[in-house]
$ cat input_2.cif   # mmCIF, C-alpha atoms and all ligand atoms
data_structure
loop_
_atom_site.label_atom_id
_atom_site.label_comp_id
_atom_site.auth_asym_id
_atom_site.auth_seq_id
_atom_site.Cartn_x
_atom_site.Cartn_y
_atom_site.Cartn_z
CA MET A 1 -18.64 -27.56 -7.84
CA SER A 2 -19.92 -30.13 -5.35
CA ILE A 3 -18.54 -30.86 -1.90
CA THR A 4 -17.82 -34.12 -0.05
CA LEU A 5 -18.25 -34.09 3.72
CA ILE A 6 -16.22 -36.68 5.63
CA THR A 7 -16.69 -37.10 9.39
CA GLY A 8 -13.75 -38.47 11.37
CA ALA A 9 -11.09 -37.30 8.93
CA THR A 10 -8.29 -36.98 11.49
CA SER A 11 -7.26 -40.63 11.24
CA GLY A 12 -7.79 -44.04 9.65
CA ILE A 13 -10.38 -44.47 6.90
CA GLY A 14 -11.53 -40.83 6.97
CA LEU A 15 -8.02 -39.46 6.56
CA ALA A 16 -7.11 -41.96 3.81
CA LEU A 17 -10.27 -41.03 1.89
CA ALA A 18 -9.69 -37.30 2.37
CA ARG A 19 -6.15 -37.64 0.98
CA LYS A 20 -7.35 -39.56 -2.08
CA MET A 21 -10.26 -37.24 -2.80
CA ALA A 22 -8.13 -34.12 -2.35
CA LEU A 23 -5.75 -35.51 -4.98
CA GLN A 24 -8.75 -35.69 -7.32
CA GLY A 25 -9.28 -31.96 -6.64
CA ILE A 26 -12.58 -32.53 -4.83
CA GLU A 27 -13.70 -29.79 -2.42
CA LEU A 28 -13.96 -31.28 1.06
CA ILE A 29 -15.48 -30.55 4.44
CA LEU A 30 -13.46 -32.49 7.01
CA THR A 31 -14.41 -33.00 10.63
CA GLY A 32 -13.04 -34.57 13.79
CA ARG A 33 -12.60 -33.59 17.43
CA ARG A 34 -8.83 -33.13 17.38
CA GLY A 35 -8.63 -29.58 16.06
CA GLU A 36 -4.85 -29.33 15.84
CA ARG A 37 -4.60 -32.49 13.74
CA LEU A 38 -7.45 -31.31 11.58
CA ASP A 39 -5.68 -27.99 10.93
CA LYS A 40 -2.49 -29.82 9.91
CA ILE A 41 -4.47 -32.04 7.54
CA LYS A 42 -6.23 -29.01 6.12
CA ASN A 43 -2.85 -27.38 5.43
CA GLU A 44 -1.50 -30.55 3.83
CA LEU A 45 -4.50 -31.17 1.57
CA SER A 46 -5.11 -27.53 0.65
CA LYS A 47 -2.21 -27.91 -1.79
CA SER A 48 -4.46 -30.09 -3.94
CA ALA A 49 -8.05 -29.00 -3.25
CA LYS A 50 -10.30 -26.57 -1.42
CA ILE A 51 -10.61 -27.82 2.17
CA HIS A 52 -12.94 -26.68 4.97
CA ALA A 53 -12.26 -28.02 8.45
CA TYR A 54 -14.65 -28.06 11.42
CA SER A 55 -13.66 -29.50 14.75
CA PHE A 56 -16.58 -30.82 16.81
CA ASP A 57 -17.95 -33.90 18.52
CA VAL A 58 -20.60 -35.66 16.41
CA SER A 59 -22.12 -37.18 19.54
CA SER A 60 -23.14 -33.75 20.80
CA ARG A 61 -26.42 -32.65 19.26
CA LYS A 62 -25.64 -29.04 20.15
CA ALA A 63 -22.18 -29.24 18.54
CA VAL A 64 -23.65 -30.71 15.35
CA GLU A 65 -26.28 -27.95 15.29
CA ASN A 66 -23.55 -25.33 15.69
CA PHE A 67 -21.59 -26.91 12.83
CA LEU A 68 -24.69 -26.97 10.61
CA SER A 69 -25.31 -23.32 11.22
CA ALA A 70 -21.63 -22.28 10.87
CA SER A 71 -21.32 -24.08 7.52
CA LYS A 72 -24.78 -23.38 6.12
CA GLU A 73 -23.46 -21.53 3.08
CA LEU A 74 -21.59 -24.67 2.02
CA LEU A 75 -24.21 -27.30 2.80
CA PRO A 76 -26.41 -26.89 -0.30
CA LYS A 77 -23.32 -27.96 -2.30
CA VAL A 78 -22.71 -31.16 -0.33
CA SER A 79 -23.37 -34.08 -2.68
CA VAL A 80 -21.53 -36.77 -0.70
CA LEU A 81 -21.77 -37.39 3.04
CA VAL A 82 -19.40 -40.01 4.43
CA ASN A 83 -20.56 -40.91 7.95
CA ASN A 84 -17.28 -42.38 9.10
CA ALA A 85 -16.68 -41.00 12.63
CA GLY A 86 -17.04 -43.85 15.06
CA LEU A 87 -15.34 -45.98 17.64
CA ALA A 88 -15.40 -48.96 19.93
CA SER A 89 -14.82 -48.37 23.60
CA GLY A 90 -13.82 -51.46 25.59
CA ALA A 91 -14.37 -55.13 24.79
CA ASP A 92 -15.84 -56.35 28.05
CA LYS A 93 -18.55 -58.90 28.64
CA LEU A 94 -21.91 -57.17 28.78
CA HIS A 95 -22.46 -58.00 32.46
CA GLU A 96 -19.06 -56.55 33.39
CA ALA A 97 -18.82 -53.58 31.04
CA ASN A 98 -18.52 -49.92 31.89
CA ILE A 99 -21.81 -48.23 31.09
CA ASP A 100 -19.99 -45.02 30.10
CA ASP A 101 -18.39 -47.02 27.25
CA TRP A 102 -21.85 -47.97 26.01
CA GLU A 103 -23.02 -44.37 26.10
CA THR A 104 -19.96 -43.24 24.14
CA MET A 105 -20.45 -45.86 21.41
CA ILE A 106 -24.20 -45.35 21.09
CA ASP A 107 -23.91 -41.56 21.15
CA THR A 108 -21.14 -41.50 18.55
CA ASN A 109 -21.89 -44.39 16.19
CA VAL A 110 -25.67 -44.13 16.18
CA LYS A 111 -26.78 -40.72 17.39
CA GLY A 112 -23.85 -38.86 15.80
CA LEU A 113 -24.52 -40.51 12.45
CA LEU A 114 -28.21 -39.65 12.77
CA TYR A 115 -27.60 -35.99 13.69
CA MET A 116 -25.31 -35.57 10.68
CA THR A 117 -27.66 -37.37 8.32
CA ARG A 118 -30.70 -35.42 9.54
CA GLY A 119 -28.78 -32.18 9.03
CA ILE A 120 -27.42 -32.86 5.56
CA VAL A 121 -29.97 -35.00 3.72
CA PRO A 122 -32.66 -32.27 3.48
CA TYR A 123 -30.22 -30.27 1.32
CA MET A 124 -29.74 -33.32 -0.92
CA VAL A 125 -33.50 -33.80 -1.20
CA LYS A 126 -33.83 -30.18 -2.35
CA THR A 127 -31.34 -30.72 -5.17
CA ASN A 128 -32.50 -34.31 -5.77
CA ASN A 129 -28.88 -35.40 -5.79
CA GLY A 130 -26.59 -37.04 -3.29
CA HIS A 131 -24.83 -40.07 -1.89
CA ILE A 132 -24.63 -41.05 1.76
CA VAL A 133 -21.86 -43.53 2.55
CA ASN A 134 -22.12 -44.99 6.03
CA ILE A 135 -19.19 -46.83 7.54
CA GLY A 136 -20.80 -49.78 9.22
CA SER A 137 -18.82 -52.90 10.04
CA ALA A 138 -18.74 -56.66 9.73
CA ALA A 139 -19.74 -56.26 13.39
CA GLY A 140 -23.03 -54.91 12.05
CA ARG A 141 -23.76 -58.35 10.54
CA TRP A 142 -22.21 -60.81 13.00
CA THR A 143 -21.58 -60.58 16.72
CA TYR A 144 -18.73 -61.67 18.99
CA GLY A 145 -18.19 -61.91 22.74
CA GLY A 146 -17.18 -58.60 24.27
CA GLY A 147 -18.66 -56.74 21.31
CA SER A 148 -22.34 -56.64 22.23
CA VAL A 149 -22.85 -52.87 22.28
CA TYR A 150 -20.34 -52.04 19.53
CA CYS A 151 -22.04 -54.68 17.34
CA ALA A 152 -25.45 -53.26 18.27
CA THR A 153 -24.38 -49.80 17.10
CA LYS A 154 -23.21 -51.19 13.76
CA PHE A 155 -26.38 -53.29 13.39
CA ALA A 156 -28.14 -49.95 13.89
CA VAL A 157 -26.05 -48.37 11.12
CA ARG A 158 -27.19 -51.17 8.80
CA ALA A 159 -30.84 -50.69 9.82
CA ILE A 160 -30.62 -46.92 9.36
CA SER A 161 -28.97 -47.34 5.94
CA GLU A 162 -31.67 -49.75 4.76
CA ALA A 163 -34.59 -47.67 6.00
CA LEU A 164 -33.11 -44.40 4.73
CA ARG A 165 -32.81 -45.99 1.29
CA VAL A 166 -36.53 -46.70 1.41
CA ASP A 167 -37.31 -43.18 2.67
CA LEU A 168 -35.36 -41.74 -0.27
CA LEU A 169 -36.88 -44.02 -2.89
CA GLY A 170 -38.01 -41.94 -5.86
CA THR A 171 -35.14 -39.47 -5.47
CA ASN A 172 -31.70 -39.68 -7.08
CA ILE A 173 -30.05 -40.02 -3.66
CA ARG A 174 -28.08 -43.18 -2.99
CA VAL A 175 -27.21 -44.81 0.33
CA SER A 176 -24.33 -47.24 0.74
CA ASN A 177 -23.11 -49.14 3.79
CA ILE A 178 -19.46 -50.25 3.86
CA GLU A 179 -18.81 -53.07 6.30
CA PRO A 180 -15.12 -53.83 6.93
CA GLY A 181 -13.67 -56.56 9.13
CA MET A 182 -10.24 -56.23 10.77
CA LEU A 183 -8.62 -53.01 9.71
CA GLU A 184 -5.49 -51.44 11.16
CA THR A 185 -6.09 -47.83 12.22
CA GLU A 186 -6.23 -46.11 15.60
CA PHE A 187 -9.42 -48.09 16.24
CA SER A 188 -7.91 -50.73 18.56
CA LEU A 189 -5.81 -48.16 20.41
CA VAL A 190 -8.99 -46.20 21.10
CA ARG A 191 -10.84 -49.37 22.04
CA PHE A 192 -8.27 -50.82 24.47
CA ARG A 193 -6.44 -47.60 25.49
CA ASP A 194 -3.28 -49.74 25.57
CA PRO A 195 -0.77 -49.90 22.67
CA ALA A 196 0.36 -53.45 23.56
CA LYS A 197 -3.22 -54.77 23.50
CA ALA A 198 -3.94 -52.88 20.28
CA LYS A 199 -0.87 -54.39 18.60
CA LYS A 200 -1.93 -57.89 19.61
CA VAL A 201 -5.20 -57.57 17.66
CA TYR A 202 -3.29 -57.61 14.36
CA GLU A 203 -0.52 -60.03 15.39
CA GLY A 204 0.30 -62.60 12.70
CA ILE A 205 -2.19 -61.33 10.13
CA THR A 206 -2.18 -58.74 7.37
CA PRO A 207 -5.25 -56.69 8.22
CA LEU A 208 -7.13 -54.39 5.86
CA GLN A 209 -5.54 -50.95 5.51
CA PRO A 210 -7.35 -47.59 5.45
CA ASP A 211 -6.45 -47.20 1.75
CA ASP A 212 -8.30 -50.45 0.96
CA ILE A 213 -11.52 -48.97 2.30
CA ALA A 214 -10.89 -45.52 0.80
CA GLU A 215 -10.40 -47.05 -2.67
CA THR A 216 -13.61 -49.04 -2.25
CA ILE A 217 -15.53 -45.92 -1.29
CA GLN A 218 -14.12 -44.11 -4.34
CA TRP A 219 -15.32 -46.99 -6.52
CA VAL A 220 -18.79 -46.93 -4.91
CA LEU A 221 -19.02 -43.16 -5.49
CA SER A 222 -17.92 -43.43 -9.09
CA ARG A 223 -20.66 -45.84 -10.23
CA PRO A 224 -23.07 -44.30 -12.74
CA PRO A 225 -26.18 -42.63 -11.25
CA HIS A 226 -28.45 -45.62 -11.88
CA VAL A 227 -26.22 -47.94 -9.79
CA ASN A 228 -26.39 -47.97 -6.00
CA ILE A 229 -23.93 -50.29 -4.29
CA GLN A 230 -26.04 -50.92 -1.21
CA GLU A 231 -23.56 -52.87 0.90
CA ILE A 232 -20.01 -54.11 0.77
CA VAL A 233 -18.60 -56.59 3.30
CA MET A 234 -14.79 -56.62 3.29
CA PHE A 235 -12.49 -58.90 5.26
CA PRO A 236 -8.75 -59.41 5.14
CA THR A 237 -7.90 -62.74 3.51
CA ALA A 238 -6.75 -64.05 6.90
CA GLN A 239 -10.23 -63.50 8.38
CA ALA A 240 -12.76 -65.99 7.01
CA ALA A 241 -15.56 -64.90 9.34
CA ILE A 242 -15.88 -62.49 12.23
CA SER A 243 -14.23 -64.87 14.72
CA ASN A 244 -12.27 -67.12 12.35
CA ILE A 245 -8.81 -65.66 11.97
CA HIS A 246 -5.69 -67.40 10.73
CA ARG A 247 -2.55 -66.08 12.39
CA ARG A 248 0.94 -66.82 11.11
CA THR A 249 2.99 -68.48 13.85
P1 LIG A 301 -9.78 -44.34 13.75
O1 LIG A 301 -9.83 -44.38 15.24
O2 LIG A 301 -8.46 -44.34 13.10
O3 LIG A 301 -10.64 -43.10 13.21
C1 LIG A 301 -11.85 -42.74 13.81
C2 LIG A 301 -12.19 -41.32 13.38
O4 LIG A 301 -13.46 -40.98 13.95
C3 LIG A 301 -11.18 -40.30 13.88
O5 LIG A 301 -10.97 -39.34 12.87
C4 LIG A 301 -11.87 -39.67 15.07
O6 LIG A 301 -11.48 -38.31 15.17
C5 LIG A 301 -13.35 -39.73 14.63
N1 LIG A 301 -14.25 -39.70 15.77
C6 LIG A 301 -14.41 -40.63 16.74
N2 LIG A 301 -15.32 -40.22 17.63
C7 LIG A 301 -15.75 -39.00 17.22
C8 LIG A 301 -16.68 -38.06 17.72
N3 LIG A 301 -17.38 -38.28 18.84
N4 LIG A 301 -16.87 -36.90 17.03
C9 LIG A 301 -16.19 -36.67 15.90
N5 LIG A 301 -15.30 -37.51 15.37
C10 LIG A 301 -15.08 -38.66 16.03
O7 LIG A 301 -10.63 -45.60 13.30
P2 LIG A 301 -11.17 -46.13 11.88
O8 LIG A 301 -10.67 -45.31 10.76
O9 LIG A 301 -10.93 -47.58 11.87
O10 LIG A 301 -12.72 -45.89 12.09
C11 LIG A 301 -13.56 -45.27 11.14
C12 LIG A 301 -14.89 -46.01 11.11
O11 LIG A 301 -14.67 -47.35 10.67
C13 LIG A 301 -15.58 -46.14 12.46
O12 LIG A 301 -16.95 -45.88 12.28
C14 LIG A 301 -15.35 -47.60 12.84
O13 LIG A 301 -16.36 -48.09 13.69
C15 LIG A 301 -15.38 -48.25 11.48
N6 LIG A 301 -14.77 -49.55 11.37
C16 LIG A 301 -13.48 -49.78 11.80
C17 LIG A 301 -12.93 -51.04 11.68
C18 LIG A 301 -11.56 -51.35 12.21
O14 LIG A 301 -11.28 -52.54 12.49
N7 LIG A 301 -10.67 -50.38 12.33
C19 LIG A 301 -13.66 -52.13 11.03
C20 LIG A 301 -14.99 -51.78 10.62
C21 LIG A 301 -15.49 -50.54 10.77
P3 LIG A 301 -11.20 -37.54 16.53
O15 LIG A 301 -10.66 -38.51 17.53
O16 LIG A 301 -10.24 -36.46 16.12
O17 LIG A 301 -12.54 -36.99 16.92
C1 LIG A 302 -14.46 -53.23 13.65
C2 LIG A 302 -14.37 -54.67 13.29
O1 LIG A 302 -14.33 -57.03 14.24
O2 LIG A 302 -13.14 -55.30 15.48
O3 LIG A 302 -15.68 -52.70 13.26
O4 LIG A 302 -15.53 -55.37 15.50
S1 LIG A 302 -14.36 -55.62 14.71
#

$ encode --input "input_2.cif" --output "structure tokens" --more "lines below"
Ligand code: NDP
Ligand code: 8X3
Amino acid sequence: MSITLITGATSGIGLALARKMALQGIELILTGRRGERLDKIKNELSKSAKIHAYSFDVSSRKAVENFLSASKELLPKVSVLVNNAGLASGADKLHEANIDDWETMIDTNVKGLLYMTRGIVPYMVKTNNGHIVNIGSAAGRWTYGGGSVYCATKFAVRAISEALRVDLLGTNIRVSNIEPGMLETEFSLVRFRDPAKAKKVYEGITPLQPDDIAETIQWVLSRPPHVNIQEIVMFPTAQAAISNIHRRT
């Protein structure tokens, strides 16, 4: 029986995907920093599938190493890695931004994804089987004011996905990059640390929902082995381009 590893499963896309995959009876390794939430989710989903939960910070190399060693019995069975954990911190102009916000985004979205990928892919290479699904963003294709560093991290996710695909050429391992636009999760609350500001982001539009992305990932994973969906860009209908949004009045 193979295992799917989802980082950032305590909320948003990661949680929606975990719920859907558990219903399919798929054995899951779920991660996130908020241990209490993770335990509750493990209890909920264990009714449908075998669930392993590990609470750690993907941006800490040491914490990822500890996770890799604590779960090493399971890792040879991991056939799907969903690198979903990520965040934006602040939306300030580059010349006014808090440098700690940059460090958090780079360490989580880029270095965290790399630590996880470096830890898991060697097992996939050994079995010549696997699928890495990175959660990039429309912000990894187009930029906007106040998004310089967040966009840079998601451009990096696209670059890493492309180059990893080349590194794995000749194996049966696939790499996909999912690039959503506006999507209502805890993302904006984390970014602005202010519920009123977070609510304003989605005012007058129907944004993408976590289930929309989870269903897309399920579709990507269920293509036959000779098909690799390399990238998917998804926007809500009310968002024609990264900064072109139609709001109902
Ligand atoms: P949420 O904030 O709802 O979920 C983010 C998840 O990532 C949480 O489970 C959080 O868990 C986890 N996470 C964040 N930082 C860390 C860390 N350092 N270590 C471990 N886990 C971490 O947001 P989304 O579901 O929207 O975000 C998921 C991904 O989708 C992110 O990569 C985001 O950049 C991307 N994305 C989001 C879009 C949006 O508009 N919402 C659009 C395009 C892409 P915990 O806090 O428990 O650690
Ligand atoms: C999140 C999408 O447009 O808020 O990745 O940067 S956006």

$ closest_residue --input "input_2.cif" --among "A:Arg118, A:Asn66, A:Val175, A:Ala152" --to "Val227 of chain A" --atoms "all atoms listed in the file"
A:Val175

$ axis_aligned_box --input "input_2.cif" --around "ligand LIG 301 (chain A)" --padding-each-side "8 Å" --output "JSON"
{"center_x": -12.9, "center_y": -44.5, "center_z": 14.7, "size_x": 24.9, "size_y": 32.1, "size_z": 24.2}

$ closest_atom_pairs --input "input_2.cif" --of "segment 182-201 of chain A" --to "segment 94-117 of chain A" --cutoff "12 Å" --atoms "all atoms listed in the file" --output "tab-separated table"
residue	atom	partner	partner_atom	distance
A:Val190	CA	A:Asp101	CA	11.3
A:Arg191	CA	A:Asp101	CA	9.5
A:Phe192	CA	A:Asp101	CA	11.2

$ write_last_selection --input "input_2.cif" --atoms "C-alpha atoms" --output "compact mmCIF listing (two decimals), in the coordinates of the input"
# COMPACT_ATOMS: atom_id res chain seq x y z
CA VAL A 190 -8.99 -46.20 21.10
CA ARG A 191 -10.84 -49.37 22.04
CA PHE A 192 -8.27 -50.82 24.47

$ closest_residue --input "input_2.cif" --among "A:Ser148, A:Thr185, A:Asn134, A:Ser55" --to "Ile217 of chain A" --atoms "only C-alpha atoms"
A:Asn134

$ residues_near_ligand --input "input_2.cif" --ligand "ligand LIG 302 (chain A)" --cutoff "10 Å" --atoms "all atoms listed in the file" --output "MDAnalysis selection string"
chainID A and resid 86:88 91 135:140 142:144 146:148 150:151 153:154 179:184 187:188 191 201 235 239 241:243

$ closest_residue --input "input_2.cif" --among "A:Ala22, A:Met234, A:Arg158, A:Leu221" --to "ligand LIG 301 (chain A)" --atoms "all atoms listed in the file"
A:Met234

$ atom_distance --input "input_2.cif" --atom1 "atom CA of Ser59 of chain A" --atom2 "atom N3 of ligand LIG 301 (chain A)"
4.9 Å

$ closest_residue --input "input_2.cif" --among "A:Glu186, A:Asp212, A:Asp92, A:Glu162" --to "ligand LIG 301 (chain A)" --atoms "all atoms listed in the file"
A:Glu186

$ closest_residue --input "input_2.cif" --among "A:His226, A:Arg165, A:Lys20, A:Arg193" --to "ligand LIG 301 (chain A)" --atoms "all atoms listed in the file"
A:Arg193

$ residues_around --input "input_2.cif" --residues "Arg247 of chain A" --least-positions-apart "4" --cutoff "12 Å" --atoms "only C-alpha atoms" --output "list of chain:residue names"
A:Lys200, A:Val201, A:Tyr202, A:Glu203, A:Gly204, A:Ile205, A:Thr206, A:Pro207, A:Pro236, A:Thr237, A:Ala238, A:Gln239, A:Ala240, A:Ser243

$ residues_around --input "input_2.cif" --residues "Leu30 of chain A" --least-positions-apart "3" --cutoff "8 Å" --atoms "all atoms listed in the file" --output "PDB file with C-alpha atoms, keeping the file's coordinate frame"
ATOM      1  CA  LEU A   5     -18.250 -34.090   3.720  1.00  0.00           C
ATOM      2  CA  ILE A   6     -16.220 -36.680   5.630  1.00  0.00           C
ATOM      3  CA  THR A   7     -16.690 -37.100   9.390  1.00  0.00           C
ATOM      4  CA  GLY A   8     -13.750 -38.470  11.370  1.00  0.00           C
ATOM      5  CA  ALA A   9     -11.090 -37.300   8.930  1.00  0.00           C
ATOM      6  CA  ALA A  18      -9.690 -37.300   2.370  1.00  0.00           C
ATOM      7  CA  LEU A  38      -7.450 -31.310  11.580  1.00  0.00           C
ATOM      8  CA  ILE A  51     -10.610 -27.820   2.170  1.00  0.00           C
ATOM      9  CA  HIS A  52     -12.940 -26.680   4.970  1.00  0.00           C
ATOM     10  CA  ALA A  53     -12.260 -28.020   8.450  1.00  0.00           C
ATOM     11  CA  TYR A  54     -14.650 -28.060  11.420  1.00  0.00           C
TER      12      TYR A  54
END

$ residues_around --input "input_2.cif" --residues "Met21 of chain A" --least-positions-apart "4" --cutoff "12 Å" --atoms "all atoms listed in the file" --output "PyMOL selection string"
chain A and resi 3-6+9+14-17+25-30+45-46+48-51+80+82+211+214-215+217-219+221-222

$ write_last_selection --input "input_2.cif" --atoms "C-alpha atoms" --output "CSV table (one decimal), keeping the file's coordinate frame"
chain,number,residue,atom,x,y,z
A,3,ILE,CA,-18.5,-30.9,-1.9
A,4,THR,CA,-17.8,-34.1,0.0
A,5,LEU,CA,-18.2,-34.1,3.7
A,6,ILE,CA,-16.2,-36.7,5.6
A,9,ALA,CA,-11.1,-37.3,8.9
A,14,GLY,CA,-11.5,-40.8,7.0
A,15,LEU,CA,-8.0,-39.5,6.6
A,16,ALA,CA,-7.1,-42.0,3.8
A,17,LEU,CA,-10.3,-41.0,1.9
A,25,GLY,CA,-9.3,-32.0,-6.6
A,26,ILE,CA,-12.6,-32.5,-4.8
A,27,GLU,CA,-13.7,-29.8,-2.4
A,28,LEU,CA,-14.0,-31.3,1.1
A,29,ILE,CA,-15.5,-30.6,4.4
A,30,LEU,CA,-13.5,-32.5,7.0
A,45,LEU,CA,-4.5,-31.2,1.6
A,46,SER,CA,-5.1,-27.5,0.6
A,48,SER,CA,-4.5,-30.1,-3.9
A,49,ALA,CA,-8.0,-29.0,-3.2
A,50,LYS,CA,-10.3,-26.6,-1.4
A,51,ILE,CA,-10.6,-27.8,2.2
A,80,VAL,CA,-21.5,-36.8,-0.7
A,82,VAL,CA,-19.4,-40.0,4.4
A,211,ASP,CA,-6.4,-47.2,1.8
A,214,ALA,CA,-10.9,-45.5,0.8
A,215,GLU,CA,-10.4,-47.0,-2.7
A,217,ILE,CA,-15.5,-45.9,-1.3
A,218,GLN,CA,-14.1,-44.1,-4.3
A,219,TRP,CA,-15.3,-47.0,-6.5
A,221,LEU,CA,-19.0,-43.2,-5.5
A,222,SER,CA,-17.9,-43.4,-9.1

$ atom_distance --input "input_2.cif" --atom1 "atom C7 of ligand LIG 301 (chain A)" --atom2 "atom CA of Val58 of chain A"
5.9 Å

$ atom_distance --input "input_2.cif" --atom1 "atom O1 of ligand LIG 301 (chain A)" --atom2 "atom CA of Gln209 of chain A"
12.5 Å

$ residues_around --input "input_2.cif" --residues "Asn128 of chain A" --least-positions-apart "4" --cutoff "9 Å" --atoms "all atoms listed in the file" --output "number ranges by chain"
A: 123-124, 171-173

$ closest_residue --input "input_2.cif" --among "A:Arg19, A:Arg33, A:Lys93, A:Arg223" --to "ligand LIG 301 (chain A)" --atoms "only C-alpha atoms and all ligand atoms"
A:Arg33
